[in-house]
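Enquirer: Next comes the structure file input.pdb, holding PDB, C-alpha atoms.
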MODEL        1
ATOM      1  CA  ASP T   1      10.200  11.916   1.327  1.00  0.00           C
ATOM      2  CA  SER T   2      10.201   8.121   1.568  1.00  0.00           C
ATOM      3  CA  GLY T   3      13.348   7.678  -0.503  1.00  0.00           C
ATOM      4  CA  VAL T   4      11.492   5.678  -3.152  1.00  0.00           C
ATOM      5  CA  THR T   5      11.523   7.377  -6.545  1.00  0.00           C
ATOM      6  CA  GLN T   6       9.043   6.730  -9.308  1.00  0.00           C
ATOM      7  CA  THR T   7       9.077   8.130 -12.815  1.00  0.00           C
ATOM      8  CA  PRO T   8       7.250   9.494 -14.630  1.00  0.00           C
ATOM      9  CA  LYS T   9       4.729  11.232 -12.342  1.00  0.00           C
ATOM     10  CA  HIS T  10       2.058  11.361 -14.999  1.00  0.00           C
ATOM     11  CA  LEU T  11       1.594   9.465 -18.228  1.00  0.00           C
ATOM     12  CA  ILE T  12      -1.098   9.856 -20.837  1.00  0.00           C
ATOM     13  CA  THR T  13      -1.183   7.380 -23.656  1.00  0.00           C
ATOM     14  CA  ALA T  14      -3.571   5.878 -26.182  1.00  0.00           C
ATOM     15  CA  THR T  15      -5.189   2.469 -26.075  1.00  0.00           C
ATOM     16  CA  GLY T  16      -3.085  -0.302 -27.527  1.00  0.00           C
ATOM     17  CA  GLN T  17       0.193   1.358 -26.600  1.00  0.00           C
ATOM     18  CA  ARG T  18       2.923   0.148 -24.288  1.00  0.00           C
ATOM     19  CA  VAL T  19       4.487   2.060 -21.394  1.00  0.00           C
ATOM     20  CA  THR T  20       7.253   1.490 -18.878  1.00  0.00           C
ATOM     21  CA  LEU T  21       7.092   2.725 -15.304  1.00  0.00           C
ATOM     22  CA  ARG T  22      10.301   2.991 -13.362  1.00  0.00           C
ATOM     23  CA  CYS T  23      11.019   2.675  -9.652  1.00  0.00           C
ATOM     24  CA  SER T  24      14.179   3.230  -7.642  1.00  0.00           C
ATOM     25  CA  PRO T  25      13.884   1.751  -4.142  1.00  0.00           C
ATOM     26  CA  ARG T  26      15.322   3.257  -0.979  1.00  0.00           C
ATOM     27  CA  SER T  27      19.026   2.788  -0.635  1.00  0.00           C
ATOM     28  CA  GLY T  28      19.649  -0.665   0.805  1.00  0.00           C
ATOM     29  CA  ASP T  29      16.159  -2.012   0.209  1.00  0.00           C
ATOM     30  CA  LEU T  30      16.203  -5.312  -1.652  1.00  0.00           C
ATOM     31  CA  SER T  31      12.490  -5.871  -2.033  1.00  0.00           C
ATOM     32  CA  VAL T  32      10.276  -4.000  -4.489  1.00  0.00           C
ATOM     33  CA  TYR T  33       6.500  -4.245  -4.713  1.00  0.00           C
ATOM     34  CA  TRP T  34       4.188  -2.916  -7.406  1.00  0.00           C
ATOM     35  CA  TYR T  35       0.582  -1.917  -6.688  1.00  0.00           C
ATOM     36  CA  GLN T  36      -2.292  -0.616  -8.779  1.00  0.00           C
ATOM     37  CA  GLN T  37      -4.815   1.752  -7.230  1.00  0.00           C
ATOM     38  CA  SER T  38      -7.999   2.550  -9.130  1.00  0.00           C
ATOM     39  CA  LEU T  39     -10.648   5.064  -8.043  1.00  0.00           C
ATOM     40  CA  ASP T  40     -13.000   2.539  -6.515  1.00  0.00           C
ATOM     41  CA  GLN T  41     -10.473  -0.004  -5.347  1.00  0.00           C
ATOM     42  CA  GLY T  42      -7.777  -0.193  -2.758  1.00  0.00           C
ATOM     43  CA  LEU T  43      -4.172  -1.026  -3.388  1.00  0.00           C
ATOM     44  CA  GLN T  44      -4.104  -4.123  -5.557  1.00  0.00           C
ATOM     45  CA  PHE T  45      -0.879  -6.051  -5.288  1.00  0.00           C
ATOM     46  CA  LEU T  46       0.662  -6.810  -8.666  1.00  0.00           C
ATOM     47  CA  ILE T  47       4.088  -8.312  -8.180  1.00  0.00           C
ATOM     48  CA  GLN T  48       7.104  -8.416  -5.869  1.00  0.00           C
ATOM     49  CA  TYR T  49      10.799  -8.732  -6.580  1.00  0.00           C
ATOM     50  CA  TYR T  50      13.521  -9.493  -4.087  1.00  0.00           C
ATOM     51  CA  ASN T  51      17.165  -8.976  -4.979  1.00  0.00           C
ATOM     52  CA  GLY T  52      16.491  -9.399  -8.672  1.00  0.00           C
ATOM     53  CA  GLU T  53      14.211 -12.417  -8.478  1.00  0.00           C
ATOM     54  CA  GLU T  54      10.433 -12.551  -8.718  1.00  0.00           C
ATOM     55  CA  ARG T  55       9.179 -13.380  -5.239  1.00  0.00           C
ATOM     56  CA  ALA T  56       5.397 -13.184  -5.371  1.00  0.00           C
ATOM     57  CA  LYS T  57       2.705 -12.539  -7.926  1.00  0.00           C
ATOM     58  CA  GLY T  58      -0.670 -11.002  -7.303  1.00  0.00           C
ATOM     59  CA  ASN T  59      -3.426  -9.925  -9.658  1.00  0.00           C
ATOM     60  CA  ILE T  60      -1.133  -9.026 -12.494  1.00  0.00           C
ATOM     61  CA  LEU T  61      -2.475  -9.281 -16.028  1.00  0.00           C
ATOM     62  CA  GLU T  62      -0.565 -11.200 -18.680  1.00  0.00           C
ATOM     63  CA  ARG T  63      -0.203  -7.912 -20.577  1.00  0.00           C
ATOM     64  CA  PHE T  64       1.849  -6.602 -17.672  1.00  0.00           C
ATOM     65  CA  SER T  65       5.366  -7.642 -16.782  1.00  0.00           C
ATOM     66  CA  ALA T  66       8.082  -6.429 -14.478  1.00  0.00           C
ATOM     67  CA  GLN T  67      11.716  -6.940 -13.679  1.00  0.00           C
ATOM     68  CA  GLN T  68      14.281  -5.875 -11.146  1.00  0.00           C
ATOM     69  CA  PHE T  69      17.748  -5.029 -12.349  1.00  0.00           C
ATOM     70  CA  PRO T  70      21.148  -5.658 -10.702  1.00  0.00           C
ATOM     71  CA  ASP T  71      21.163  -2.099  -9.335  1.00  0.00           C
ATOM     72  CA  LEU T  72      17.801  -3.004  -7.703  1.00  0.00           C
ATOM     73  CA  HIS T  73      15.704  -0.536  -9.648  1.00  0.00           C
ATOM     74  CA  SER T  74      12.551  -2.029 -11.097  1.00  0.00           C
ATOM     75  CA  GLU T  75      10.435  -1.466 -14.168  1.00  0.00           C
ATOM     76  CA  LEU T  76       6.793  -2.295 -14.738  1.00  0.00           C
ATOM     77  CA  ASN T  77       5.847  -2.777 -18.371  1.00  0.00           C
ATOM     78  CA  LEU T  78       2.238  -2.381 -19.409  1.00  0.00           C
ATOM     79  CA  SER T  79       1.322  -3.338 -22.946  1.00  0.00           C
ATOM     80  CA  SER T  80      -1.768  -3.375 -25.171  1.00  0.00           C
ATOM     81  CA  LEU T  81      -3.178  -0.746 -22.871  1.00  0.00           C
ATOM     82  CA  GLU T  82      -6.901  -0.526 -22.291  1.00  0.00           C
ATOM     83  CA  LEU T  83      -9.013   2.269 -20.826  1.00  0.00           C
ATOM     84  CA  GLY T  84      -9.441   0.219 -17.667  1.00  0.00           C
ATOM     85  CA  ASP T  85      -5.708   0.268 -17.030  1.00  0.00           C
ATOM     86  CA  SER T  86      -5.960   3.931 -16.077  1.00  0.00           C
ATOM     87  CA  ALA T  87      -4.915   4.061 -12.458  1.00  0.00           C
ATOM     88  CA  LEU T  88      -2.291   5.171  -9.993  1.00  0.00           C
ATOM     89  CA  TYR T  89       0.634   2.743  -9.957  1.00  0.00           C
ATOM     90  CA  PHE T  90       2.708   2.630  -6.803  1.00  0.00           C
ATOM     91  CA  CYS T  91       6.050   1.130  -6.144  1.00  0.00           C
ATOM     92  CA  ALA T  92       7.076   0.310  -2.586  1.00  0.00           C
ATOM     93  CA  SER T  93      10.278  -1.045  -1.137  1.00  0.00           C
ATOM     94  CA  SER T  94      11.353  -2.757   2.032  1.00  0.00           C
ATOM     95  CA  VAL T  95      14.648  -3.932   3.406  1.00  0.00           C
ATOM     96  CA  VAL T  96      14.060  -7.635   3.701  1.00  0.00           C
ATOM     97  CA  VAL T  97      11.428 -10.282   3.592  1.00  0.00           C
ATOM     98  CA  ASP T  98      10.431 -12.841   6.202  1.00  0.00           C
ATOM     99  CA  ARG T  99      10.933 -10.387   9.055  1.00  0.00           C
ATOM    100  CA  ASN T 100       8.589  -7.692  10.307  1.00  0.00           C
ATOM    101  CA  THR T 101       9.117  -4.661   8.176  1.00  0.00           C
ATOM    102  CA  GLU T 102       7.227  -1.735   6.731  1.00  0.00           C
ATOM    103  CA  ALA T 103       6.920  -0.813   3.121  1.00  0.00           C
ATOM    104  CA  PHE T 104       7.928   2.645   1.927  1.00  0.00           C
ATOM    105  CA  PHE T 105       5.957   4.026  -0.985  1.00  0.00           C
ATOM    106  CA  GLY T 106       6.939   6.178  -3.905  1.00  0.00           C
ATOM    107  CA  GLN T 107       4.737   9.060  -5.013  1.00  0.00           C
ATOM    108  CA  GLY T 108       3.163   6.941  -7.719  1.00  0.00           C
ATOM    109  CA  THR T 109       2.734   7.220 -11.463  1.00  0.00           C
ATOM    110  CA  ARG T 110      -0.674   8.307 -12.654  1.00  0.00           C
ATOM    111  CA  LEU T 111      -1.452   6.537 -15.910  1.00  0.00           C
ATOM    112  CA  THR T 112      -4.285   7.768 -18.081  1.00  0.00           C
ATOM    113  CA  VAL T 113      -5.221   5.712 -21.121  1.00  0.00           C
ATOM    114  CA  VAL T 114      -7.312   7.596 -23.670  1.00  0.00           C
TER     115      VAL T 114
ATOM    116  CA  GLU D 115      -7.743 -16.550   0.600  1.00  0.00           C
ATOM    117  CA  ASP D 116      -5.792 -13.881   2.468  1.00  0.00           C
ATOM    118  CA  LYS D 117      -7.715 -10.650   2.737  1.00  0.00           C
ATOM    119  CA  VAL D 118      -8.101  -7.442   4.696  1.00  0.00           C
ATOM    120  CA  VAL D 119     -11.459  -5.741   5.271  1.00  0.00           C
ATOM    121  CA  GLN D 120     -11.827  -2.213   6.564  1.00  0.00           C
ATOM    122  CA  SER D 121     -14.854  -0.425   7.905  1.00  0.00           C
ATOM    123  CA  PRO D 122     -16.444   1.959   7.567  1.00  0.00           C
ATOM    124  CA  LEU D 123     -15.672   2.742   3.930  1.00  0.00           C
ATOM    125  CA  SER D 124     -16.143   6.418   4.572  1.00  0.00           C
ATOM    126  CA  LEU D 125     -17.005   8.772   7.388  1.00  0.00           C
ATOM    127  CA  VAL D 126     -17.427  12.492   7.881  1.00  0.00           C
ATOM    128  CA  VAL D 127     -16.937  14.067  11.296  1.00  0.00           C
ATOM    129  CA  HIS D 128     -16.586  17.513  12.811  1.00  0.00           C
ATOM    130  CA  GLU D 129     -13.317  18.825  14.146  1.00  0.00           C
ATOM    131  CA  GLY D 130     -12.804  17.697  17.718  1.00  0.00           C
ATOM    132  CA  ASP D 131     -14.668  14.408  17.317  1.00  0.00           C
ATOM    133  CA  THR D 132     -13.072  11.057  18.083  1.00  0.00           C
ATOM    134  CA  VAL D 133     -13.159   8.358  15.427  1.00  0.00           C
ATOM    135  CA  THR D 134     -12.484   4.629  15.410  1.00  0.00           C
ATOM    136  CA  LEU D 135     -11.491   2.836  12.254  1.00  0.00           C
ATOM    137  CA  ASN D 136     -11.715  -0.929  12.023  1.00  0.00           C
ATOM    138  CA  CYS D 137      -9.646  -3.516  10.245  1.00  0.00           C
ATOM    139  CA  SER D 138     -10.186  -7.263  10.161  1.00  0.00           C
ATOM    140  CA  TYR D 139      -8.059  -9.818   8.407  1.00  0.00           C
ATOM    141  CA  GLU D 140      -7.889 -13.410   7.296  1.00  0.00           C
ATOM    142  CA  VAL D 141      -4.457 -14.788   6.669  1.00  0.00           C
ATOM    143  CA  THR D 142      -2.592 -18.049   6.603  1.00  0.00           C
ATOM    144  CA  ASN D 143       0.716 -16.599   7.751  1.00  0.00           C
ATOM    145  CA  PHE D 144       0.379 -13.454   9.844  1.00  0.00           C
ATOM    146  CA  ARG D 145       3.490 -11.476  10.671  1.00  0.00           C
ATOM    147  CA  SER D 146       2.292  -7.955  11.384  1.00  0.00           C
ATOM    148  CA  LEU D 147      -0.488  -5.470  10.783  1.00  0.00           C
ATOM    149  CA  LEU D 148       0.302  -1.987   9.549  1.00  0.00           C
ATOM    150  CA  TRP D 149      -1.634   1.254   9.295  1.00  0.00           C
ATOM    151  CA  TYR D 150      -0.931   3.863   6.643  1.00  0.00           C
ATOM    152  CA  LYS D 151      -2.310   7.327   5.947  1.00  0.00           C
ATOM    153  CA  GLN D 152      -2.827   8.318   2.328  1.00  0.00           C
ATOM    154  CA  GLU D 153      -3.449  11.973   1.634  1.00  0.00           C
ATOM    155  CA  LYS D 154      -2.805  13.098  -1.895  1.00  0.00           C
ATOM    156  CA  LYS D 155      -0.383  10.548  -3.145  1.00  0.00           C
ATOM    157  CA  ALA D 156       1.877   8.046  -1.424  1.00  0.00           C
ATOM    158  CA  PRO D 157       0.691   6.159   1.661  1.00  0.00           C
ATOM    159  CA  THR D 158       2.783   7.074   4.673  1.00  0.00           C
ATOM    160  CA  PHE D 159       3.467   4.672   7.498  1.00  0.00           C
ATOM    161  CA  LEU D 160       1.720   5.134  10.840  1.00  0.00           C
ATOM    162  CA  PHE D 161       2.005   1.994  12.958  1.00  0.00           C
ATOM    163  CA  MET D 162       3.193  -1.590  12.906  1.00  0.00           C
ATOM    164  CA  LEU D 163       1.496  -4.015  15.286  1.00  0.00           C
ATOM    165  CA  THR D 164       2.743  -7.484  16.028  1.00  0.00           C
ATOM    166  CA  SER D 165       1.498  -8.340  19.514  1.00  0.00           C
ATOM    167  CA  SER D 166      -2.041  -8.465  20.840  1.00  0.00           C
ATOM    168  CA  GLY D 167      -3.151  -5.929  23.396  1.00  0.00           C
ATOM    169  CA  ILE D 168      -0.195  -3.588  23.169  1.00  0.00           C
ATOM    170  CA  GLU D 169      -1.281  -0.107  22.199  1.00  0.00           C
ATOM    171  CA  LYS D 170       0.885   1.925  19.872  1.00  0.00           C
ATOM    172  CA  LYS D 171       0.471   5.665  20.243  1.00  0.00           C
ATOM    173  CA  SER D 172       1.581   8.686  18.283  1.00  0.00           C
ATOM    174  CA  GLY D 173       0.096  11.980  19.373  1.00  0.00           C
ATOM    175  CA  ARG D 174      -3.659  11.831  18.894  1.00  0.00           C
ATOM    176  CA  LEU D 175      -3.477   8.533  17.015  1.00  0.00           C
ATOM    177  CA  SER D 176      -3.401   5.132  18.645  1.00  0.00           C
ATOM    178  CA  SER D 177      -3.851   1.581  17.496  1.00  0.00           C
ATOM    179  CA  ILE D 178      -4.189  -1.857  18.988  1.00  0.00           C
ATOM    180  CA  LEU D 179      -4.223  -5.397  17.653  1.00  0.00           C
ATOM    181  CA  ASP D 180      -6.461  -8.258  18.735  1.00  0.00           C
ATOM    182  CA  LYS D 181      -5.059 -11.489  17.340  1.00  0.00           C
ATOM    183  CA  LYS D 182      -7.862 -13.543  18.826  1.00  0.00           C
ATOM    184  CA  GLU D 183     -10.458 -11.515  16.939  1.00  0.00           C
ATOM    185  CA  LEU D 184      -8.159 -11.067  13.923  1.00  0.00           C
ATOM    186  CA  SER D 185      -8.723  -7.346  14.021  1.00  0.00           C
ATOM    187  CA  SER D 186      -7.244  -3.975  14.770  1.00  0.00           C
ATOM    188  CA  ILE D 187      -8.583  -0.522  15.466  1.00  0.00           C
ATOM    189  CA  LEU D 188      -7.136   2.894  14.794  1.00  0.00           C
ATOM    190  CA  ASN D 189      -8.345   5.688  17.046  1.00  0.00           C
ATOM    191  CA  ILE D 190      -7.993   9.370  16.334  1.00  0.00           C
ATOM    192  CA  THR D 191      -8.962  11.753  19.115  1.00  0.00           C
ATOM    193  CA  ALA D 192      -9.687  15.475  18.822  1.00  0.00           C
ATOM    194  CA  THR D 193      -9.721  15.219  15.030  1.00  0.00           C
ATOM    195  CA  GLN D 194      -8.408  18.076  12.916  1.00  0.00           C
ATOM    196  CA  THR D 195      -8.974  18.947   9.272  1.00  0.00           C
ATOM    197  CA  GLY D 196      -5.436  17.750   8.594  1.00  0.00           C
ATOM    198  CA  ASP D 197      -6.525  14.241   9.565  1.00  0.00           C
ATOM    199  CA  SER D 198      -8.662  14.069   6.417  1.00  0.00           C
ATOM    200  CA  ALA D 199      -7.233  11.229   4.371  1.00  0.00           C
ATOM    201  CA  ILE D 200      -7.686   7.614   3.421  1.00  0.00           C
ATOM    202  CA  TYR D 201      -6.475   5.285   6.145  1.00  0.00           C
ATOM    203  CA  LEU D 202      -5.182   1.968   4.900  1.00  0.00           C
ATOM    204  CA  CYS D 203      -4.727  -1.189   6.888  1.00  0.00           C
ATOM    205  CA  ALA D 204      -2.268  -3.788   5.630  1.00  0.00           C
ATOM    206  CA  MET D 205      -1.307  -7.245   6.690  1.00  0.00           C
ATOM    207  CA  TYR D 206       2.227  -8.492   6.194  1.00  0.00           C
ATOM    208  CA  THR D 207       2.791 -12.211   5.701  1.00  0.00           C
ATOM    209  CA  GLY D 208       6.555 -12.138   5.549  1.00  0.00           C
ATOM    210  CA  ASN D 209       6.217 -12.019   1.810  1.00  0.00           C
ATOM    211  CA  GLN D 210       3.446  -9.712   0.701  1.00  0.00           C
ATOM    212  CA  PHE D 211       1.585  -6.715   2.064  1.00  0.00           C
ATOM    213  CA  TYR D 212      -2.176  -7.194   1.676  1.00  0.00           C
ATOM    214  CA  PHE D 213      -4.060  -3.910   1.786  1.00  0.00           C
ATOM    215  CA  GLY D 214      -7.668  -3.196   2.583  1.00  0.00           C
ATOM    216  CA  THR D 215      -9.677  -0.768   0.456  1.00  0.00           C
ATOM    217  CA  GLY D 216      -9.244   1.907   3.074  1.00  0.00           C
ATOM    218  CA  THR D 217     -11.468   4.175   5.136  1.00  0.00           C
ATOM    219  CA  SER D 218     -11.945   7.665   3.789  1.00  0.00           C
ATOM    220  CA  LEU D 219     -12.072  10.161   6.649  1.00  0.00           C
ATOM    221  CA  THR D 220     -13.250  13.720   6.117  1.00  0.00           C
ATOM    222  CA  VAL D 221     -12.994  16.161   9.003  1.00  0.00           C
ATOM    223  CA  ILE D 222     -15.023  19.317   8.554  1.00  0.00           C
ATOM    224  CA  PRO D 223     -14.407  22.522  10.500  1.00  0.00           C
TER     225      PRO D 223
ENDMDL
END
Show the structure stored in the file as structure tokens.

Expert:
Amino acid sequence: DSGVTQTPKHLITATGQRVTLRCSPRSGDLSVYWYQQSLDQGLQFLIQYYNGEERAKGNILERFSAQQFPDLHSELNLSSLELGDSALYFCASSVVVDRNTEAFFGQGTRLTVV
Amino acid sequence: EDKVVQSPLSLVVHEGDTVTLNCSYEVTNFRSLLWYKQEKKAPTFLFMLTSSGIEKKSGRLSSILDKKELSSILNITATQTGDSAIYLCAMYTGNQFYFGTGTSLTVIP
């Protein structure tokens, strides 16, 4: 158990809908990363938050947004869902930035858009 | 553009074989290279490499970084069926973790 908690584990929803994925980082970790993993692709970096502030943005669609709250948990909002958004969404956390560190991953949320 | 490339994409070996997985990277601000193992769900951390030529070892797994060649290898000796997984290489810039697409390893009895 990495200490990173993601909910829900599975999500099935229709096209056009909006969903929220939730992540609680390891205790003490200030940095949260969101990744999307599709069947034929590796881990695609979406966005990073550090201590409540957006730190870095990757290949995140405009239909997607995220935030990190004062208690350091993070939410990834996906709206106007399309079939192609079906994927495994991972959250990872690390203690700091700018120093060598590893990222600890949650178990992921499997999103299926039908 | 920062990127990580892994090879091969996939390999199938028999139990007892030794395998070598490759990772090459291009980055503007390298801090460390990490290897992860992904079985069913979450990637789990294997190694972090920061210095060239220093081998990190954990049981039958070992890894080494070559900063001159911008690459790393992960070796697994005497493979077992439990080694079957996707092995991910990631580069850390001090800000983001860039992941490769992974090498899928299947070990058959």

Enquirer: Any idea what the distance is between atom CA of Arg26 of chain T and atom CA of Leu46 of chain T?

Expert: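 Result for atom CA of Arg26 of chain T versus atom CA of Leu46 of chain T: 19.4 Å, one decimal.
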
Enquirer: Dump as an mmCIF file with C-alpha atoms, in the coordinates of the input the residues of chain T that approach chain D to within 7 Å, counting only C-alpha atoms.

Expert:
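Here's the written file iface31.cif:
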data_model
loop_
_atom_site.group_PDB
_atom_site.id
_atom_site.type_symbol
_atom_site.label_atom_id
_atom_site.label_comp_id
_atom_site.auth_asym_id
_atom_site.auth_seq_id
_atom_site.Cartn_x
_atom_site.Cartn_y
_atom_site.Cartn_z
ATOM 1 C CA GLN T 41 -10.473 -0.004 -5.347
ATOM 2 C CA GLY T 42 -7.777 -0.193 -2.758
ATOM 3 C CA LEU T 43 -4.172 -1.026 -3.388
ATOM 4 C CA VAL T 97 11.428 -10.282 3.592
ATOM 5 C CA ASP T 98 10.431 -12.841 6.202
ATOM 6 C CA ARG T 99 10.933 -10.387 9.055
ATOM 7 C CA ASN T 100 8.589 -7.692 10.307
ATOM 8 C CA PHE T 105 5.957 4.026 -0.985
ATOM 9 C CA GLY T 106 6.939 6.178 -3.905
ATOM 10 C CA GLN T 107 4.737 9.060 -5.013
ATOM 11 C CA GLY T 108 3.163 6.941 -7.719
#

Enquirer: If you apply the PyMOL selection byres ((chain T and resi 49) around 12) to this file, what residues do you get, as number ranges by chain?

Expert: T: 23, 25, 29-34, 46-48, 50-58, 65-70, 72-76, 91-97; D: 209-210

Enquirer: Which is closest to Ser166 of chain D among D:Ile187, D:Val118, D:Leu179, D:Ala199, if we use only C-alpha atoms?

Expert: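 Ranking D:Ile187, D:Val118, D:Leu179, D:Ala199 by distance to Ser166 of chain D, first place goes to D:Leu179.
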
Enquirer: Grab the atom CA of Gly130 of chain D to atom CA of Ser177 of chain D distance for me, in Å with one decimal place.

Expert: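 Between atom CA of Gly130 of chain D and atom CA of Ser177 of chain D the gap is 18.4 Å.
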
Enquirer: Residues picked by the PyMOL selection byres ((chain T and resi 82-90) around 6) here, as an NGL selection string?

Expert: :T and (15 or 34-38 or 81 or 91 or 108-113)

Enquirer: Starting from the PyMOL selection byres ((chain D and resi 136) around 8), expand the selection into actual residues of this file and give them as a list of chain:residue names.

Expert: D:Gln120, D:Ser121, D:Pro122, D:Thr134, D:Leu135, D:Cys137, D:Ser138, D:Ser185, D:Ser186, D:Ile187, D:Leu188

Enquirer: Between atom CA of Glu129 of chain D and atom CA of Glu169 of chain D, what distance in Å does the model show, to one decimal?

Expert: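 One can read the atom CA of Glu129 of chain D to atom CA of Glu169 of chain D distance as 23.8 Å.
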
Enquirer: Take every atom of segment 150-165 of chain D listed in the file, fit an axis-aligned box around them, add 5 Å per side, and give the centre and edge lengths in Å to one decimal as lines of an AutoDock Vina configuration file.

Expert:
center_x = 0.0
center_y = 2.4
center_z = 8.2
size_x = 16.9
size_y = 31.4
size_z = 32.7

Enquirer: Which neighbours of Thr193 of chain D fall inside 8 Å, counting all atoms listed in the file, when residues of the same chain fewer than 2 positions from it are skipped, and could you give them as an NGL selection string?

Expert: :D and (128-133 or 174 or 190-191 or 195 or 197 or 221)

Enquirer: Would you mind telling me which residue in T:Leu11, T:Val4, T:Val114, T:Leu78 lies nearest to Gly28 of chain T when using all atoms listed in the file?

Expert: T:Val4

Enquirer: Of the candidates D:Lys181, D:Met205, D:Gln194, D:Gly167, which shows the shortest atom-to-atom distance to Ile222 of chain D, using only C-alpha atoms?

Expert: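 Closest to Ile222 of chain D, using only C-alpha atoms: D:Gln194.
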
Enquirer: Smallest atom-to-atom distance to Phe64 of chain T: which of T:Thr5, T:Thr20, T:Ser79, T:Gln44, using only C-alpha atoms?

Expert: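 Ranking T:Thr5, T:Thr20, T:Ser79, T:Gln44 by distance to Phe64 of chain T, first place goes to T:Ser79.
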
Enquirer: Determine the nearest neighbour of Val126 of chain D from the options D:Ile178, D:Ala192, D:Leu219, D:Ile168, counting only C-alpha atoms.

Expert: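 Closest residue, counting only C-alpha atoms: D:Leu219.
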
Enquirer: Which of these, D:Tyr139, D:Thr220, D:Asp116, D:Ser198, has the shortest distance to Lys182 of chain D once you count only C-alpha atoms?

Expert: D:Tyr139
